[in-house]
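Here the structure is laid out as structure tokens; the discussion comes afterwards.
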Amino acid sequence: MSKIILCSNKVAETPFTFLNTKVEIYTYEELCFYIYNNTMLISKSALSEKLFNWIRDELGMDELADKLTGMLNKTTYAQDLLIEILSEGSYYTLEEIKDYAEAWQKYRKLDKFQRAKLKADGYLAYRRYIKAATFYDDIIAETNEDADPVFLGNIYHNRAVAAANNLDLDDAKEYFLKAYELNDNPDSMKGYFYVVALTSDTSTLRSEIRNMGLEDEYLEEIMKEIGESKDDVREMTIFAMLQRAAYNKMNKDMTDYDKRMDIILSEIKDDFREQAI
């Protein structure tokens, strides 16, 4: 969901950082928004005295901090603590909090693979590619031949995106191709061709397209799609920038290709430093 964050409470001088996503929180409203939209990424271990002391010392919400501290060893589920935080203020309505509680119940009823995928997808959204890849790899390793092919194909697709964002391009090609074999999703096939475009010349890409039973016009289609995408910005994923780089390479614009690859390599290094903690 999308929501404008209007902060009515105290703004912290020192933010609270959720270590697994590196997201910094400065206000009660921001804390509520993060909780509401990232349930699958918040374990009970993350709800510790450190957070409660921050709520007390930085936000001046002594009563809430005391409630949470008293509940910590008396409740089994993180849900109870999270709902207590959401209920303290008026950022979310009672109906929204009820919807949140119901969504939590549905989440707990999912099987372990579905829950793991939601966590991995969450990390992928926050560009925590190494963490996401670990979850996807565990799912792939543990699933058997009876697994839903579409579900497993989507796992491979997202694993490919994580690989591409870490510049593991050979793995990315393998995973995108496996994803398409399982889920028959055109986006997985496009992902495969994007990486082929980046790592090969035009004739190889055209040959690959023909081997997949597609017409030559498909090459023009995907290159046009990339070419019309928005310009590079820091908010773009590395994979999106790789697609743009592939477009530059296919059009022999090596100046822009080199420029984009420099940006990509810089981001890869920064992300790796943060994720290798």
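Residues in the structure tokens are named by chain (A, B, ... in the order shown) and by number from 1 within that chain; ligands are numbered from 1 in the order shown.
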List the spatial neighbours of A:Phe16 as an mmCIF file with C-alpha atoms, in the first residue's frame - criterion: any atom at most 10 Å away, only C-alpha atoms, same-chain residues fewer than 3 positions off excluded.
data_model
loop_
_atom_site.group_PDB
_atom_site.id
_atom_site.type_symbol
_atom_site.label_atom_id
_atom_site.label_comp_id
_atom_site.auth_asym_id
_atom_site.auth_seq_id
_atom_site.Cartn_x
_atom_site.Cartn_y
_atom_site.Cartn_z
ATOM 1 C CA ALA A 12 14.542 11.013 16.610
ATOM 2 C CA GLU A 13 18.016 12.523 16.668
ATOM 3 C CA LEU A 19 19.857 -4.357 10.186
ATOM 4 C CA LYS A 22 19.430 -1.240 6.360
ATOM 5 C CA VAL A 23 16.279 0.900 6.582
ATOM 6 C CA GLU A 24 16.551 3.813 9.018
ATOM 7 C CA ILE A 25 13.521 4.963 11.004
ATOM 8 C CA TYR A 26 13.233 8.447 12.519
ATOM 9 C CA THR A 27 9.610 8.711 13.674
ATOM 10 C CA LEU A 31 8.075 2.778 12.234
ATOM 11 C CA LYS A 50 17.293 -2.012 21.703
ATOM 12 C CA LEU A 51 14.160 -1.059 19.745
ATOM 13 C CA TRP A 54 14.895 3.714 21.144
ATOM 14 C CA ILE A 55 11.119 4.188 21.316
ATOM 15 C CA GLU A 58 14.291 8.934 21.013
#
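Residues within 12 Å of A:Gln105, counting only C-alpha atoms and excluding same-chain residues fewer than 2 positions away, are A:Thr39, A:Met40, A:Tyr77, A:Ala78, A:Gln79, A:Asp80, A:Lys98, A:Asp99, A:Tyr100, A:Ala101, A:Glu102, A:Ala103, A:Tyr107, A:Arg108, A:Lys109, A:Leu110.
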Just N, CA and C atoms for this one: save the residues we selected as a short mmCIF file (atom, residue, chain, number, x, y, z; two decimals), in the first residue's frame.
data_model
loop_
_atom_site.label_atom_id
_atom_site.label_comp_id
_atom_site.auth_asym_id
_atom_site.auth_seq_id
_atom_site.Cartn_x
_atom_site.Cartn_y
_atom_site.Cartn_z
N THR A 39 6.06 -7.08 7.18
CA THR A 39 5.83 -8.07 8.23
C THR A 39 6.74 -9.28 8.09
N MET A 40 6.89 -9.79 6.88
CA MET A 40 7.65 -11.02 6.69
C MET A 40 9.13 -10.86 6.96
N TYR A 77 4.46 -14.70 19.63
CA TYR A 77 4.53 -14.20 18.26
C TYR A 77 4.93 -12.72 18.18
N ALA A 78 5.71 -12.42 17.14
CA ALA A 78 6.07 -11.03 16.88
C ALA A 78 4.83 -10.20 16.59
N GLN A 79 3.81 -10.85 16.04
CA GLN A 79 2.58 -10.17 15.66
C GLN A 79 2.00 -9.36 16.82
N ASP A 80 2.01 -9.94 18.02
CA ASP A 80 1.40 -9.26 19.17
C ASP A 80 2.13 -7.95 19.48
N LYS A 98 -6.90 -4.19 11.81
CA LYS A 98 -7.59 -5.48 11.73
C LYS A 98 -7.18 -6.22 10.46
N ASP A 99 -7.12 -5.51 9.35
CA ASP A 99 -6.68 -6.12 8.09
C ASP A 99 -5.25 -6.65 8.22
N TYR A 100 -4.42 -5.88 8.91
CA TYR A 100 -3.04 -6.29 9.11
C TYR A 100 -2.97 -7.59 9.92
N ALA A 101 -3.77 -7.65 10.99
CA ALA A 101 -3.78 -8.85 11.83
C ALA A 101 -4.26 -10.07 11.03
N GLU A 102 -5.26 -9.88 10.18
CA GLU A 102 -5.76 -10.98 9.36
C GLU A 102 -4.71 -11.42 8.35
N ALA A 103 -3.99 -10.46 7.78
CA ALA A 103 -2.92 -10.80 6.83
C ALA A 103 -1.82 -11.59 7.54
N TYR A 107 -0.45 -15.28 6.66
CA TYR A 107 0.98 -15.51 6.44
C TYR A 107 1.45 -16.72 7.25
N ARG A 108 1.00 -16.82 8.49
CA ARG A 108 1.43 -17.92 9.36
C ARG A 108 0.91 -19.27 8.88
N LYS A 109 -0.17 -19.27 8.08
CA LYS A 109 -0.73 -20.51 7.58
C LYS A 109 -0.08 -20.99 6.28
N LEU A 110 0.75 -20.14 5.68
CA LEU A 110 1.45 -20.54 4.47
C LEU A 110 2.47 -21.63 4.79
#
Interatomic distance (Å, one decimal) between atom CA of A:Leu152 and atom CA of A:Ser43: 24.9 Å
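For A:Phe151, the list of residues within 10 Å, based on only C-alpha atoms and with local chain neighbours fewer than 3 positions off taken out, reads A:Phe113, A:Gln114, A:Lys117, A:Ala147, A:Asp148, A:Asn154, A:Ile155, A:Tyr156, A:His157, A:Ala179, A:Leu182, A:Asn183.
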